[in-house]
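Structure record follows, encoded as structure tokens.
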Amino acid sequence: MKFLIFLTGIFLATLASANKPVLTVYAPDYFVSEWGPGPSIEEAFEKTCECDLKFSAGDLLPRLILEGSSTEADIVIGLNTDVTKKARETDLFAPHEQNNEALFLPIKWSDNTFLPFNWSYVSFVYDETKISQPPKSFDELANMKNNKIVIQDPRSSISGLALVLWVKEIYGEKAEEYWSKLAPNILTVTKGWSEAYGLFTSGEAEMVLSFNTSPAYHISVEEDQTKKAAIFDQGHYAYFELVGKLRNSNQPELATKFMQFVLSSEFQSLIPFTNWSYPSAQERSEWPEVFSKLPYPEKAYFVDEDKADKMRKKAIEEWRAALSQ
Amino acid sequence: MARSTVTIICSVFLVGLLLGPLISLINFSGLSLSLSNSDIAAIKFTFVQAAYSATLSTILAIPVAKALLRQNFWGKRFVVLILGAPFILPVIVAVLGLILVFGNNGIVNNLLNLIGLGSVKIYGFWGVILAHVFFNLPLAIRILLQALNDVPGEHYRLVSSLKLSFTQNFLALEWPVLKKVCPGIWAVIFAICLSSFAVALTLGGGPKATTVELAIYQSFFYDLDFSKAAQLALVQIVLVFSVVVASQFIVKPKTVFGLDIKISNHNLSDFQKIIDTVVIIITLLFIFTPILVIFFYGFSDVFSLPPSVFKAASLSIQIAILSSFLSVFLGLCLATNTGEIFGSLGIAISPIVMGAGTFLMLKNFGNPYLLAVPVTAMVNALVSLPFVIRILKPSAIEIRTEFENLSRSVGLNGIYWVWWVFLRRLKRQIGFSLGVASALSMGDLGVIVLFGSGEIATLPLKIYQLMGSYRVDEALASALLLSLLAFGSFALFDKLGRAL
């Protein structure tokens with residue numbers, strides 16, 4: 001008898017989930033994996049939405065472009081500011097319909113298509129046991145002796161591109177000259193963030209291009225206080241991750257509900273300890289202590305997409321030329 | 001008649017599989033026609049590093065192969081067997097291992113520091129060469145050793161009885177063999193290194209070390225300039241394919257049959273013995289330290305890996321089995337001289353472009369994501385096909401010439417001939433090639449990156465995920481698991497081929 005009840009239960013459960021509408025969310029690999037924010041976000045949203053949230057992992061924009069208007073995505077999460085121009089040009093996105101005033105960011109946000117859900121400052125993270133006097137500016141970074149940095153390739157990594165734009169903003173016409181000065185201190189250039197950070201944690205380099213929030217991982221998971229972000233007086237490039245809603249979504253109401261959910265305190269509170277970055281719609285006082293205590297720069301650099309698009313080609317070519325010497 | 005029909009059908013099928021995706025990508029995005037400075041720099045670098053890698057691997061293989069030929073020692077057979085390891089070692093694992101040994105904080109530099117010497121630099125041009133030599137030197141040694149072994153022992157006896165000088169000895173015995181085999185070895189390694197991707201990624205040290213495949217990756221995933229990706233893919237095909245075709249004309253291996261007399265080493269001088277021993281020891285250290293280091297670092301965490309890693313491992317195994325059988329099936333159909341030329345296209349074509357193109361083709365017929373696993377298996381199969389054909393072809397041709405007429409005269413034809421004569425006589429090579437193909441597939445990151453959805457992840461993809469979530473220790477443990485699976489599947493198939 002019990003067995004029958006059990007069977008009926010299973011049957012009803014399958015029936016219920018089969019009848020639930022499905023919200024398809026495209027997200028990057030790291031986001032969806034069990035170590036990223038995906039699983040807890042899915043659980044929290046499904047509690048309220050009477051729906052089945054399905055993540056689909058992969059490279060977001062190449063996929064969207066190949067799929068075109070026949071894409072199954074309702075939501076795309078994990079884009080960043082450097083690709084929004086191309087994402088916008090696909091004409092696949094709808095307005096986010098949320099109030100940008102709800103955001104707490106170091107810059108004013110006015111984009112009505114892409115909504116930031118987390119952010120941090122691009123920074124050089126170092127090992128305190130090896131560098132006692134961290135550089136306080138790009139010039140000091142280039143003048144370091146015996147300390148090596150790992151950076152990411154701006155042609156294949158978002159953080160790598162952020163660095164190139166950051167340097168270009170500060171040095172302008174002299175950017176190429178600066179790269180030539182920095183070149184001897186660069187141990188290697190990796191394809192993406194993971195390879196670079198792996199080289200840093202395995203002791204290959206004393207410093208790595210990452211985010212000012214990275215030390216929070218070492219502090220809270222590994223109880224390791226020795227990883228710090230070097231804060232530059234010149235200011236840091238601010239890095240935002242974005243979410244967007246698809247125009248052709250066949251679940252428009254659910255998609256809107258998800259966009260609202262992104263700004264909810266439940267979603268925002270999940271961000272710090274799963275994505276190791278600042279939440280976008282909470283004040284500093286609401287952040288977990290590990291995060292609110294992290295050192296941060298006075299000034300934030302941000303290059304909007306049109307400007308970034310104009311700068312990019314030249315900035316990357318200068319970087320390439322200087323580092324190819 | 002029947003056989004050439006099979007070859008033709010398979011060649012056409014294969015060319016369709018390989019070029020169809022490229023054409024559909026060009027159809028979708030157009031084809032870029034101009035080459036930028038950085039494209040030209042990438043093509044140049046690709047050529048130069050492949051030439052250095054091939055030349056160094058080939059030259060270094062000569063003393064090692066000679067030493068292994070001359071010296072008989074306990075465990076020699078095992079040493080020769082295990083020389084195959086780097087070739088089937090997943091690239092991502094090998095790069096991690098090389099960094100742990102030759103990196104800034106690696107064993108070698110720590111030792112050099114200890115005795116107060118300078119340091120070696122693994123990042124940059126020479127890092128890429130080092131990694132390529134690591135992968136290909138063992139391959140070169142094995143091919144060369146095989147060729148030197150085929151010189152009948154009588155020749156050695158004759159030459160030693162003539163009391164020739166060192167140079168005369170070399171000219172009489174070894175030079176003819178080297179002249180015959182080395183250009184082929186060089187060409188194979190050159191072609192493999194032309195399409196190298198993952199090695200240059202981490203060890204390249206900067207934009208100077210951008211290979212064509214890396215440039216394809218950048219234009220596809222990042223610049224989203226598919227027409228540029230298609231153009232570079234085309235450039236790569238032309239580069240690799242011309243090398244492969246050229247090598248077909250250079251290499252004409254011919255076996256001289258002797259009486260199988262073992263070469264004795266009693267008349268070697270002590271000095272030569274010492275040199276040989278040193279050469280063998282250095283080679284073994286170079287090849288096995290990076291592998292052993294991964295075992296050492298990864299071992300403690302293997303058993304505490306999360307279930308999702310084992311789930312990914314099981315998917316990788318399934319793909320490897322599917323892909324190796326597909327590859328060997330195609331390999332058997334194409335085990336002729338013409339077939340080899342077409343089969344070699346597999347190393348020429350960019351997996352990224354193949355994946356994207358296949359996606360576009362499948363999109364017209366339904367949901368391509370449902371086909372993620374078979375598509376990944378197929379692409380992996382095509383990538384290992386050139387190696388599979390290389391293993392199968394010589395024996396396949398031999399069996400055909402030796403047994404075909406005899407079989408025909410007793411009325412053994414068609415499918416019966418294939419089953420009773422061809423496959424039976426080839427079983428060792430089939431086992432060996434299934435082993436190689438499954439191991440290569442296991443370690444391949446492949447097109448799953450493009451097709452993967454939340455639930456579908458292979459083990460190499462999982463390693464990247466772990467590395468992307470600050471979990472380096474677990475990534476190393478997973479890398480060890482990946483190597484064990486690759487070696488395990490190789491050993492299993494190879495053994496089956498010998499036992500059955």
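Residues in the structure tokens are named by chain (A, B, ... in the order shown) and by number from 1 within that chain; ligands are numbered from 1 in the order shown.
With only C-alpha atoms taken into account, the protein and nucleic acid residues at most 7 Å from segment 471-475 of chain B (excluding it and anything under 3 positions from it in its own chain) are Gly198 of chain A; Asp301, Leu305, Ile463, Leu466, Met467, Ser478 and Ala479 of chain B.
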Go ahead and write the residues just picked, C-alpha atoms, as a PDB file, in the first residue's frame.
```pdb
ATOM      1  CA  GLY A 198      45.803  28.757 -11.284  1.00  0.00           C
TER       2      GLY A 198
ATOM      3  CA  ASP B 301      42.289  14.322  -3.531  1.00  0.00           C
ATOM      4  CA  LEU B 305      36.213  14.466  -5.650  1.00  0.00           C
ATOM      5  CA  ILE B 463      38.647  20.591 -14.973  1.00  0.00           C
ATOM      6  CA  LEU B 466      37.112  23.726 -11.235  1.00  0.00           C
ATOM      7  CA  MET B 467      39.953  25.988 -12.265  1.00  0.00           C
ATOM      8  CA  SER B 478      40.597  15.524 -11.743  1.00  0.00           C
ATOM      9  CA  ALA B 479      43.543  15.855 -14.112  1.00  0.00           C
TER      10      ALA B 479
END
```
Segment 98-110 of chain A environment, 10 Å, only C-alpha atoms, sequence neighbours closer than 3 positions dropped, as JSON, numbers by chain: {"A": [95, 113, 114, 115, 116, 117, 118, 119, 120, 121, 238, 240, 256, 259, 260, 262, 263, 264, 278, 279, 280, 281, 282, 283, 284, 298, 299, 300, 301, 302]}
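Computed from the coordinates, the atom CA of Leu137 of chain B to atom CA of Ala51 of chain B distance equals 13.7 Å.
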Residues near Lys228 of chain A, cut-off 6 Å, only C-alpha atoms, skip fewer than 2 positions along chain, as a PyMOL selection string: chain A and resi 125-126+215
Secondary structure check, helix (DSSP H, G or I) residues of segment 20-187 of chain A, as a PyMOL selection string: chain A and resi 29-32+38-49+60-70+81-89+100-102+138-143+158-185
Point-to-point distance from atom CA of Gly30 of chain B to atom CA of Gln231 of chain B, Å rounded to tenths: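 If I compute the distance from atom CA of Gly30 of chain B to atom CA of Gln231 of chain B, I get 9.1 Å.
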Non-local contacts of Cys49 of chain A (10 Å; only C-alpha atoms; under 2 positions in same chain excluded) as a VMD selection string: chain A and resid 20 to 21 23 44 to 47 51 to 53 254 257 to 258 261
Residue subset to file, keeping C-alpha atoms, as a PDB file, in the first residue's frame:
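As written to disk, result09.pdb reads:
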```pdb
ATOM      1  CA  LYS A  20       5.195  23.656 -15.111  1.00  0.00           C
ATOM      2  CA  PRO A  21       6.335  26.265 -17.603  1.00  0.00           C
ATOM      3  CA  LEU A  23      12.255  29.314 -18.101  1.00  0.00           C
ATOM      4  CA  ALA A  44      15.389  30.195  -4.742  1.00  0.00           C
ATOM      5  CA  PHE A  45      13.558  31.241  -7.889  1.00  0.00           C
ATOM      6  CA  GLU A  46      11.661  27.969  -8.279  1.00  0.00           C
ATOM      7  CA  LYS A  47      10.226  28.412  -4.776  1.00  0.00           C
ATOM      8  CA  CYS A  51       8.059  27.113 -12.860  1.00  0.00           C
ATOM      9  CA  ASP A  52      11.053  25.057 -13.845  1.00  0.00           C
ATOM     10  CA  LEU A  53      14.208  27.116 -14.279  1.00  0.00           C
ATOM     11  CA  LEU A 254       8.293  34.519 -16.228  1.00  0.00           C
ATOM     12  CA  LYS A 257       9.562  37.932 -12.978  1.00  0.00           C
ATOM     13  CA  PHE A 258      13.149  36.731 -13.145  1.00  0.00           C
ATOM     14  CA  PHE A 261      14.025  38.559  -8.823  1.00  0.00           C
TER      15      PHE A 261
END
```
Residue nearest Phe125 of chain B among B:Val159, B:Leu406, B:Ala200, B:Ala348 (counting only C-alpha atoms): B:Ala200
Contact residues around Gln236 of chain B with only C-alpha atoms at 12 Å, ignoring same-chain residues under 4 positions, as a PyMOL selection string: chain B and resi 39+42-44+46-47+191-196+211-216+229-232+240-243+345-351+353
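Nearest-residue note for Val128 of chain B: choosing from A:Asp91, A:His218, A:Thr188, A:Tyr171, the minimum distance belongs to A:Thr188, counting only C-alpha atoms.
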Every residue of segment 93-302 of chain A that DSSP places in strand (DSSP E), as an NGL selection string: :A and (93-94 or 115-127 or 149-152 or 186-190 or 207-211 or 227-230 or 236-246 or 278-279 or 300-301)
Output file for the selection above: C-alpha atoms, as a PDB file, in the first residue's frame:
```pdb
ATOM      1  CA  PHE A  93      17.110  41.655 -26.437  1.00  0.00           C
ATOM      2  CA  ALA A  94      14.115  43.418 -24.915  1.00  0.00           C
ATOM      3  CA  LEU A 115      20.955  45.032 -15.968  1.00  0.00           C
ATOM      4  CA  PRO A 116      24.025  44.529 -13.725  1.00  0.00           C
ATOM      5  CA  PHE A 117      23.616  41.825 -11.100  1.00  0.00           C
ATOM      6  CA  ASN A 118      27.091  41.922  -9.604  1.00  0.00           C
ATOM      7  CA  TRP A 119      30.291  43.899  -9.890  1.00  0.00           C
ATOM      8  CA  SER A 120      33.835  44.350  -8.655  1.00  0.00           C
ATOM      9  CA  TYR A 121      37.001  46.283  -9.428  1.00  0.00           C
ATOM     10  CA  VAL A 122      39.569  44.790 -11.790  1.00  0.00           C
ATOM     11  CA  SER A 123      42.698  44.550  -9.646  1.00  0.00           C
ATOM     12  CA  PHE A 124      46.048  42.884  -9.260  1.00  0.00           C
ATOM     13  CA  VAL A 125      45.917  40.293  -6.519  1.00  0.00           C
ATOM     14  CA  TYR A 126      49.189  39.472  -4.758  1.00  0.00           C
ATOM     15  CA  ASP A 127      50.598  37.123  -2.198  1.00  0.00           C
ATOM     16  CA  ILE A 149      52.571  39.081 -12.970  1.00  0.00           C
ATOM     17  CA  VAL A 150      50.245  36.841 -14.926  1.00  0.00           C
ATOM     18  CA  ILE A 151      47.686  38.628 -17.074  1.00  0.00           C
ATOM     19  CA  GLN A 152      44.984  37.505 -19.489  1.00  0.00           C
ATOM     20  CA  ILE A 186      54.782  39.848 -17.172  1.00  0.00           C
ATOM     21  CA  LEU A 187      55.462  36.153 -16.687  1.00  0.00           C
ATOM     22  CA  THR A 188      52.892  34.966 -19.186  1.00  0.00           C
ATOM     23  CA  VAL A 189      49.610  35.860 -20.817  1.00  0.00           C
ATOM     24  CA  THR A 190      46.888  33.249 -20.535  1.00  0.00           C
ATOM     25  CA  MET A 207      50.749  38.614  -8.731  1.00  0.00           C
ATOM     26  CA  VAL A 208      47.768  38.024 -11.011  1.00  0.00           C
ATOM     27  CA  LEU A 209      45.219  40.135 -12.816  1.00  0.00           C
ATOM     28  CA  SER A 210      41.917  39.414 -11.079  1.00  0.00           C
ATOM     29  CA  PHE A 211      39.349  41.302  -9.018  1.00  0.00           C
ATOM     30  CA  LYS A 227      45.961  37.109  -0.648  1.00  0.00           C
ATOM     31  CA  LYS A 228      45.341  40.829  -1.105  1.00  0.00           C
ATOM     32  CA  ALA A 229      44.351  43.175  -3.885  1.00  0.00           C
ATOM     33  CA  ALA A 230      46.757  46.025  -4.661  1.00  0.00           C
ATOM     34  CA  HIS A 236      40.294  50.998 -10.936  1.00  0.00           C
ATOM     35  CA  TYR A 237      38.296  49.714 -13.838  1.00  0.00           C
ATOM     36  CA  ALA A 238      34.830  48.673 -12.673  1.00  0.00           C
ATOM     37  CA  TYR A 239      33.618  45.347 -13.967  1.00  0.00           C
ATOM     38  CA  PHE A 240      29.906  44.516 -14.169  1.00  0.00           C
ATOM     39  CA  GLU A 241      28.133  41.298 -15.012  1.00  0.00           C
ATOM     40  CA  LEU A 242      24.793  41.685 -16.695  1.00  0.00           C
ATOM     41  CA  VAL A 243      21.515  39.973 -17.288  1.00  0.00           C
ATOM     42  CA  GLY A 244      19.187  40.521 -20.242  1.00  0.00           C
ATOM     43  CA  LYS A 245      15.751  39.399 -21.361  1.00  0.00           C
ATOM     44  CA  LEU A 246      15.139  37.992 -24.844  1.00  0.00           C
ATOM     45  CA  TYR A 278      29.707  42.618  -4.853  1.00  0.00           C
ATOM     46  CA  PRO A 279      25.897  42.483  -5.241  1.00  0.00           C
ATOM     47  CA  ALA A 300      36.128  53.955 -10.621  1.00  0.00           C
ATOM     48  CA  TYR A 301      36.903  53.914 -14.329  1.00  0.00           C
TER      49      TYR A 301
END
```
